[in-house]
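**Student:** This is target-v4.pdb, which holds PDB, C-alpha atoms:
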ATOM      1  CA  MET A   1      74.706  46.816 -50.685
ATOM      2  CA  ASP A   2      73.645  45.658 -54.159
ATOM      3  CA  ARG A   3      70.026  46.478 -53.372
ATOM      4  CA  PHE A   4      70.936  50.168 -53.372
ATOM      5  CA  GLY A   5      71.724  50.243 -57.090
ATOM      6  CA  PRO A   6      74.306  49.315 -59.734
ATOM      7  CA  VAL A   7      76.957  51.664 -58.368
ATOM      8  CA  TRP A   8      77.233  49.344 -55.356
ATOM      9  CA  PHE A   9      77.727  46.133 -57.340
ATOM     10  CA  ASN A  10      81.032  44.571 -56.237
ATOM     11  CA  HIS A  11      81.769  47.783 -54.367
ATOM     12  CA  ARG A  12      84.356  46.269 -52.010
ATOM     13  CA  GLU A  13      86.579  45.190 -54.887
ATOM     14  CA  LYS A  14      85.974  48.451 -56.741
ATOM     15  CA  LEU A  15      86.957  50.477 -53.687
ATOM     16  CA  ARG A  16      90.012  48.295 -53.052
ATOM     17  CA  ARG A  17      91.201  48.724 -56.634
ATOM     18  CA  HIS A  18      90.729  52.492 -56.629
ATOM     19  CA  TRP A  19      92.255  52.796 -53.155
ATOM     20  CA  LEU A  20      95.424  50.943 -54.151
ATOM     21  CA  ALA A  21      95.769  53.152 -57.214
ATOM     22  CA  ARG A  22      95.493  56.416 -55.289
ATOM     23  CA  ILE A  23      96.582  55.946 -51.677
ATOM     24  CA  LYS A  24     100.063  55.259 -50.344
ATOM     25  CA  ARG A  25     101.187  53.950 -46.972
ATOM     26  CA  ARG A  26     101.915  57.379 -45.480
ATOM     27  CA  ASP A  27      98.664  59.002 -46.612
ATOM     28  CA  ILE A  28      95.979  60.057 -44.124
ATOM     29  CA  VAL A  29      92.468  58.895 -45.053
ATOM     30  CA  LEU A  30      89.275  60.273 -43.495
ATOM     31  CA  LEU A  31      86.358  57.826 -43.452
ATOM     32  CA  LEU A  32      83.160  59.743 -42.838
ATOM     33  CA  GLY A  33      81.003  57.165 -41.105
ATOM     34  CA  ASP A  34      78.826  54.169 -41.964
ATOM     35  CA  ILE A  35      81.876  51.939 -41.821
ATOM     36  CA  SER A  36      80.043  48.665 -41.191
ATOM     37  CA  TRP A  37      76.507  47.248 -40.998
ATOM     38  CA  ALA A  38      77.595  45.282 -37.907
ATOM     39  CA  MET A  39      75.726  45.735 -34.648
ATOM     40  CA  THR A  40      78.709  44.928 -32.393
ATOM     41  CA  LEU A  41      82.475  45.382 -32.472
ATOM     42  CA  GLU A  42      82.934  41.652 -32.808
ATOM     43  CA  GLN A  43      80.635  41.458 -35.820
ATOM     44  CA  ALA A  44      82.573  44.287 -37.496
ATOM     45  CA  HIS A  45      85.875  42.403 -37.362
ATOM     46  CA  ASP A  46      85.925  41.483 -41.064
ATOM     47  CA  ASP A  47      85.250  45.080 -42.125
ATOM     48  CA  PHE A  48      88.030  46.348 -39.873
ATOM     49  CA  ALA A  49      90.397  43.738 -41.337
ATOM     50  CA  TYR A  50      89.449  44.800 -44.883
ATOM     51  CA  LEU A  51      90.310  48.432 -44.135
ATOM     52  CA  HIS A  52      93.452  47.550 -42.207
ATOM     53  CA  ALA A  53      94.818  45.671 -45.224
ATOM     54  CA  LEU A  54      94.612  48.836 -47.335
ATOM     55  CA  PRO A  55      97.477  51.373 -47.255
ATOM     56  CA  GLY A  56      97.273  54.590 -45.287
ATOM     57  CA  GLN A  57      96.348  55.653 -41.782
ATOM     58  CA  LYS A  58      92.559  55.814 -41.501
ATOM     59  CA  ILE A  59      90.755  58.271 -39.239
ATOM     60  CA  ILE A  60      87.142  57.234 -38.723
ATOM     61  CA  ILE A  61      84.049  58.968 -37.384
ATOM     62  CA  GLN A  62      80.656  57.551 -36.512
ATOM     63  CA  GLY A  63      77.809  57.412 -39.026
ATOM     64  CA  ASN A  64      74.139  56.942 -38.269
ATOM     65  CA  HIS A  65      74.370  53.241 -39.182
ATOM     66  CA  ASP A  66      77.472  52.505 -37.107
ATOM     67  CA  PHE A  67      75.618  50.797 -34.270
ATOM     68  CA  TRP A  68      78.809  48.944 -33.329
ATOM     69  CA  TRP A  69      80.419  52.241 -32.286
ATOM     70  CA  THR A  70      81.030  52.213 -28.532
ATOM     71  CA  SER A  71      83.398  53.714 -25.966
ATOM     72  CA  ARG A  72      86.909  54.799 -26.844
ATOM     73  CA  ALA A  73      88.452  52.214 -24.508
ATOM     74  CA  LYS A  74      86.549  49.299 -26.030
ATOM     75  CA  MET A  75      87.242  50.413 -29.592
ATOM     76  CA  GLU A  76      90.943  50.973 -29.056
ATOM     77  CA  ARG A  77      91.262  47.425 -27.700
ATOM     78  CA  VAL A  78      89.714  45.976 -30.866
ATOM     79  CA  LEU A  79      90.566  48.281 -33.774
ATOM     80  CA  PRO A  80      93.704  47.523 -35.782
ATOM     81  CA  SER A  81      96.604  49.961 -35.606
ATOM     82  CA  THR A  82      95.748  51.755 -38.864
ATOM     83  CA  LEU A  83      92.234  52.779 -37.728
ATOM     84  CA  THR A  84      91.902  55.738 -35.359
ATOM     85  CA  PRO A  85      88.418  56.629 -34.053
ATOM     86  CA  LEU A  86      87.820  60.353 -33.682
ATOM     87  CA  PHE A  87      85.637  61.261 -30.729
ATOM     88  CA  ASN A  88      85.145  64.719 -29.233
ATOM     89  CA  ASP A  89      88.797  65.646 -29.229
ATOM     90  CA  PRO A  90      90.728  67.135 -32.149
ATOM     91  CA  LEU A  91      93.594  65.398 -33.894
ATOM     92  CA  ILE A  92      96.525  67.300 -35.348
ATOM     93  CA  VAL A  93      98.346  65.659 -38.237
ATOM     94  CA  GLY A  94     101.278  67.620 -39.584
ATOM     95  CA  ARG A  95      99.961  71.135 -40.124
ATOM     96  CA  THR A  96      96.283  70.172 -40.186
ATOM     97  CA  ALA A  97      93.865  70.023 -37.266
ATOM     98  CA  ILE A  98      90.974  67.590 -37.703
ATOM     99  CA  VAL A  99      87.757  67.797 -35.704
ATOM    100  CA  GLY A 100      85.194  65.038 -36.165
ATOM    101  CA  TYR A 101      81.624  64.454 -35.040
ATOM    102  CA  ARG A 102      78.608  62.500 -36.300
ATOM    103  CA  GLY A 103      76.061  65.298 -36.785
ATOM    104  CA  TRP A 104      72.448  64.622 -37.666
ATOM    105  CA  ASP A 105      69.783  65.393 -40.275
ATOM    106  CA  HIS A 106      68.508  68.937 -39.893
ATOM    107  CA  PRO A 107      65.299  69.097 -37.810
ATOM    108  CA  GLN A 108      63.492  70.681 -40.785
ATOM    109  CA  LEU A 109      63.866  67.359 -42.590
ATOM    110  CA  LEU A 110      62.593  65.083 -39.824
ATOM    111  CA  GLY A 111      60.251  67.537 -38.134
ATOM    112  CA  THR A 112      60.322  65.933 -34.685
ATOM    113  CA  GLU A 113      61.252  67.119 -31.218
ATOM    114  CA  HIS A 114      63.576  64.130 -30.926
ATOM    115  CA  ALA A 115      65.473  65.192 -34.052
ATOM    116  CA  GLN A 116      65.868  68.695 -32.632
ATOM    117  CA  LYS A 117      67.356  67.289 -29.420
ATOM    118  CA  ILE A 118      69.878  65.190 -31.336
ATOM    119  CA  TRP A 119      70.771  68.124 -33.604
ATOM    120  CA  ASP A 120      71.334  70.370 -30.571
ATOM    121  CA  ARG A 121      73.442  67.703 -28.864
ATOM    122  CA  GLU A 122      75.633  67.242 -31.949
ATOM    123  CA  THR A 123      76.035  71.020 -32.233
ATOM    124  CA  GLN A 124      77.251  71.069 -28.637
ATOM    125  CA  ARG A 125      79.710  68.278 -29.393
ATOM    126  CA  LEU A 126      81.180  70.243 -32.270
ATOM    127  CA  ALA A 127      81.440  73.335 -30.076
ATOM    128  CA  ALA A 128      83.168  71.370 -27.313
ATOM    129  CA  SER A 129      85.691  69.897 -29.753
ATOM    130  CA  LEU A 130      86.533  73.332 -31.142
ATOM    131  CA  ILE A 131      86.976  74.705 -27.620
ATOM    132  CA  THR A 132      89.314  71.814 -26.797
ATOM    133  CA  LEU A 133      91.343  72.577 -29.921
ATOM    134  CA  LYS A 134      91.627  76.259 -29.027
ATOM    135  CA  GLN A 135      92.609  75.548 -25.442
ATOM    136  CA  SER A 136      95.253  73.041 -26.503
ATOM    137  CA  GLY A 137      97.487  75.848 -27.709
ATOM    138  CA  ARG A 138      98.604  73.685 -30.625
ATOM    139  CA  THR A 139      99.514  75.441 -33.857
ATOM    140  CA  TYR A 140      98.243  74.357 -37.243
ATOM    141  CA  LYS A 141      97.909  75.735 -40.746
ATOM    142  CA  ARG A 142      94.338  74.627 -41.507
ATOM    143  CA  LEU A 143      91.319  73.191 -39.751
ATOM    144  CA  VAL A 144      89.261  70.401 -41.333
ATOM    145  CA  ILE A 145      85.858  69.366 -39.983
ATOM    146  CA  ALA A 146      84.819  65.748 -40.629
ATOM    147  CA  THR A 147      81.139  64.942 -40.116
ATOM    148  CA  HIS A 148      78.752  62.304 -41.372
ATOM    149  CA  HIS A 149      75.673  64.457 -41.963
ATOM    150  CA  LYS A 150      75.383  67.641 -43.985
ATOM    151  CA  PRO A 151      75.566  70.495 -41.456
ATOM    152  CA  MET A 152      73.374  72.908 -43.417
ATOM    153  CA  ALA A 153      69.605  73.306 -43.301
ATOM    154  CA  ASN A 154      67.462  71.743 -46.033
ATOM    155  CA  ASP A 155      67.664  74.959 -48.067
ATOM    156  CA  ASN A 156      71.473  74.958 -47.608
ATOM    157  CA  LYS A 157      71.299  78.035 -45.411
ATOM    158  CA  PRO A 158      73.881  78.326 -42.609
ATOM    159  CA  THR A 159      73.161  76.778 -39.223
ATOM    160  CA  ALA A 160      74.757  77.068 -35.795
ATOM    161  CA  MET A 161      77.102  74.257 -36.872
ATOM    162  CA  VAL A 162      78.254  76.239 -39.898
ATOM    163  CA  ASP A 163      78.659  79.352 -37.758
ATOM    164  CA  LEU A 164      80.874  77.433 -35.324
ATOM    165  CA  MET A 165      83.062  76.153 -38.156
ATOM    166  CA  ALA A 166      83.421  79.602 -39.670
ATOM    167  CA  ALA A 167      84.212  81.248 -36.330
ATOM    168  CA  ALA A 168      86.935  78.656 -35.699
ATOM    169  CA  GLY A 169      88.514  79.381 -39.086
ATOM    170  CA  ALA A 170      87.788  75.987 -40.642
ATOM    171  CA  THR A 171      88.948  75.709 -44.244
ATOM    172  CA  HIS A 172      87.067  72.503 -45.159
ATOM    173  CA  CYS A 173      84.057  70.524 -43.996
ATOM    174  CA  LEU A 174      83.914  66.987 -45.402
ATOM    175  CA  TYR A 175      80.707  64.999 -45.050
ATOM    176  CA  GLY A 176      78.853  61.979 -46.432
ATOM    177  CA  HIS A 177      75.399  60.468 -45.782
ATOM    178  CA  ILE A 178      73.700  61.746 -48.955
ATOM    179  CA  HIS A 179      73.365  58.950 -51.502
ATOM    180  CA  LEU A 180      72.057  58.435 -54.992
ATOM    181  CA  PRO A 181      69.456  59.240 -56.208
ATOM    182  CA  ASP A 182      69.436  62.270 -53.855
ATOM    183  CA  ALA A 183      72.462  63.979 -55.395
ATOM    184  CA  ALA A 184      70.475  67.219 -55.766
ATOM    185  CA  ALA A 185      70.766  67.631 -51.995
ATOM    186  CA  VAL A 186      74.564  67.716 -52.149
ATOM    187  CA  PHE A 187      76.235  71.022 -51.268
ATOM    188  CA  ASN A 188      79.731  71.234 -52.746
ATOM    189  CA  ARG A 189      80.726  74.853 -52.494
ATOM    190  CA  ARG A 190      81.933  77.546 -50.129
ATOM    191  CA  LEU A 191      79.776  78.949 -47.364
ATOM    192  CA  ARG A 192      80.922  81.425 -44.712
ATOM    193  CA  GLY A 193      84.502  80.869 -45.852
ATOM    194  CA  VAL A 194      84.325  77.080 -45.410
ATOM    195  CA  GLN A 195      84.608  74.728 -48.398
ATOM    196  CA  PHE A 196      82.000  71.951 -48.087
ATOM    197  CA  VAL A 197      82.606  68.657 -49.907
ATOM    198  CA  CYS A 198      80.307  65.617 -49.959
ATOM    199  CA  LEU A 199      82.257  62.361 -50.162
ATOM    200  CA  ALA A 200      79.570  59.681 -49.962
ATOM    201  CA  ALA A 201      81.074  56.573 -51.566
ATOM    202  CA  ASP A 202      78.469  56.092 -54.284
ATOM    203  CA  LEU A 203      78.552  59.764 -55.295
ATOM    204  CA  ILE A 204      82.296  59.528 -55.942
ATOM    205  CA  ASN A 205      81.972  56.023 -57.447
ATOM    206  CA  MET A 206      84.280  54.527 -54.805
ATOM    207  CA  PHE A 207      87.179  56.784 -55.857
ATOM    208  CA  PRO A 208      89.070  58.168 -52.816
ATOM    209  CA  GLN A 209      89.373  61.915 -53.268
ATOM    210  CA  ARG A 210      92.543  63.893 -52.569
ATOM    211  CA  ILE A 211      91.431  67.006 -50.723
ATOM    212  CA  LEU A 212      94.650  68.276 -49.169
ATOM    213  CA  ILE A 213      98.072  67.527 -50.611
ATOM    214  CA  ASP A 214     100.163  68.299 -47.523
ATOM    215  CA  LEU A 215      98.340  67.229 -44.380
TER     216      LEU A 215
END
Show me this structure written as structure tokens.
**Tutor:**
Amino acid sequence: MDRFGPVWFNHREKLRRHWLARIKRRDIVLLLGDISWAMTLEQAHDDFAYLHALPGQKIIIQGNHDFWWTSRAKMERVLPSTLTPLFNDPLIVGRTAIVGYRGWDHPQLLGTEHAQKIWDRETQRLAASLITLKQSGRTYKRLVIATHHKPMANDNKPTAMVDLMAAAGATHCLYGHIHLPDAAAVFNRRLRGVQFVCLAADLINMFPQRILIDL
């Protein structure tokens, strides 16, 4: 990671130090994708072990570089007990419902038919997860959306993804993907009643952020 700039120098130790200072065993930690450069589950073993050794229960979603990500059955056989992959079904922790999906760069940015197809597919995945949550009949105080990509258009205008979040009553949308030196593209404010927060590791200098006190 050093080739991406000084903020990444010795980033594993920096993250470990900050993590131990801020996170306790019973905390819930959302990891918003790009967990490992590995191409297979087996190759990602060391990264999984690194995260497992840190306190807290980690909920992970897929990033665009997580090529090792595979089926739920295969991942659950390999992942350590403190890592929970979030697929297209919601997870309720305490009084908080968590819905996770990968997302994709807005088609305006890539300008290809292929990008539009992926964007539409990810929008459908979000919609399906929110329907599953509603049909579950479970009660919760707040709804948090975890995604890897920013769900707004390039001009930060609402999209169908944002509309789905707002209609479901989401309080927060946490995302990553945007890295230095592109910090100008970050959207950290409220839109349609949803608070959007970018938590890319380099933008927060490897400091885990406390978003909700009482998950």
**Student:** Applying the PyMOL selection byres ((chain A and resi 79-94) around 8) to the file I just gave you, which residues come out? Please list them as a ChimeraX atom specification.
**Tutor:** /A:48-49,51-52,56-61,72,75-78,95-101,125-126,128-130,132-133,140,215
**Student:** Have a look at A:Gly111, A:Gly33, A:Pro151, A:Pro158 and name the one nearest to A:Cys173; count all atoms listed in the file.
**Tutor:**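 So, comparing all the options, the nearest one is A:Pro151.
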**Student:** If I take atom CA of A:Arg138 and atom CA of A:Leu164, how far is one from the other in Å, to one decimal?
**Tutor:**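 Interatomic distance here is 18.7 Å.
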**Student:** Which residue out of A:Tyr175, A:Trp19, A:Trp8, A:Phe207 has the minimum interatomic distance to A:Leu54 when all atoms listed in the file are used?
**Tutor:** A:Trp19
**Student:** Which one of A:Val194, A:Ile178, A:Ala184, A:Ile131 sits closest to A:Asp163 if you count all atoms listed in the file?
**Tutor:**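 Among the listed residues, A:Val194 lies closest to A:Asp163.
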**Student:** Please write out, as JSON, where the centre of an axis-aligned box around all listed atoms of stretch 14-28 of chain A lies and how long its edges are, in Å to one decimal, after adding 6 Å on each side.
**Tutor:**
{"center_x": 93.9, "center_y": 54.2, "center_z": -50.7, "size_x": 27.9, "size_y": 23.8, "size_z": 25.1}
**Student:** Run the PyMOL selection byres ((chain A and resi 23) around 12) on the file and write out the hits as a PyMOL selection string.
**Tutor:** chain A and resi 15-22+24-30+54-58+207-210+213
**Student:** To one decimal place, how far is atom CA of A:His149 from atom CA of A:Leu212 in Å?
**Tutor:**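 Atom-to-atom, atom CA of A:His149 to atom CA of A:Leu212, that is 20.7 Å.
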**Student:** Rounded to one decimal place, report the atom CA of A:Arg142-atom CA of A:Gly169 distance in Å.
**Tutor:**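 Value for the atom CA of A:Arg142-atom CA of A:Gly169 distance: 7.9 Å.
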**Student:** Quick check on the file I pasted: which residues fall under the PyMOL selection byres ((chain A and resi 120) around 12)? Write them as a PyMOL selection string.
**Tutor:** chain A and resi 103-107+113-119+121-127+151+159-161
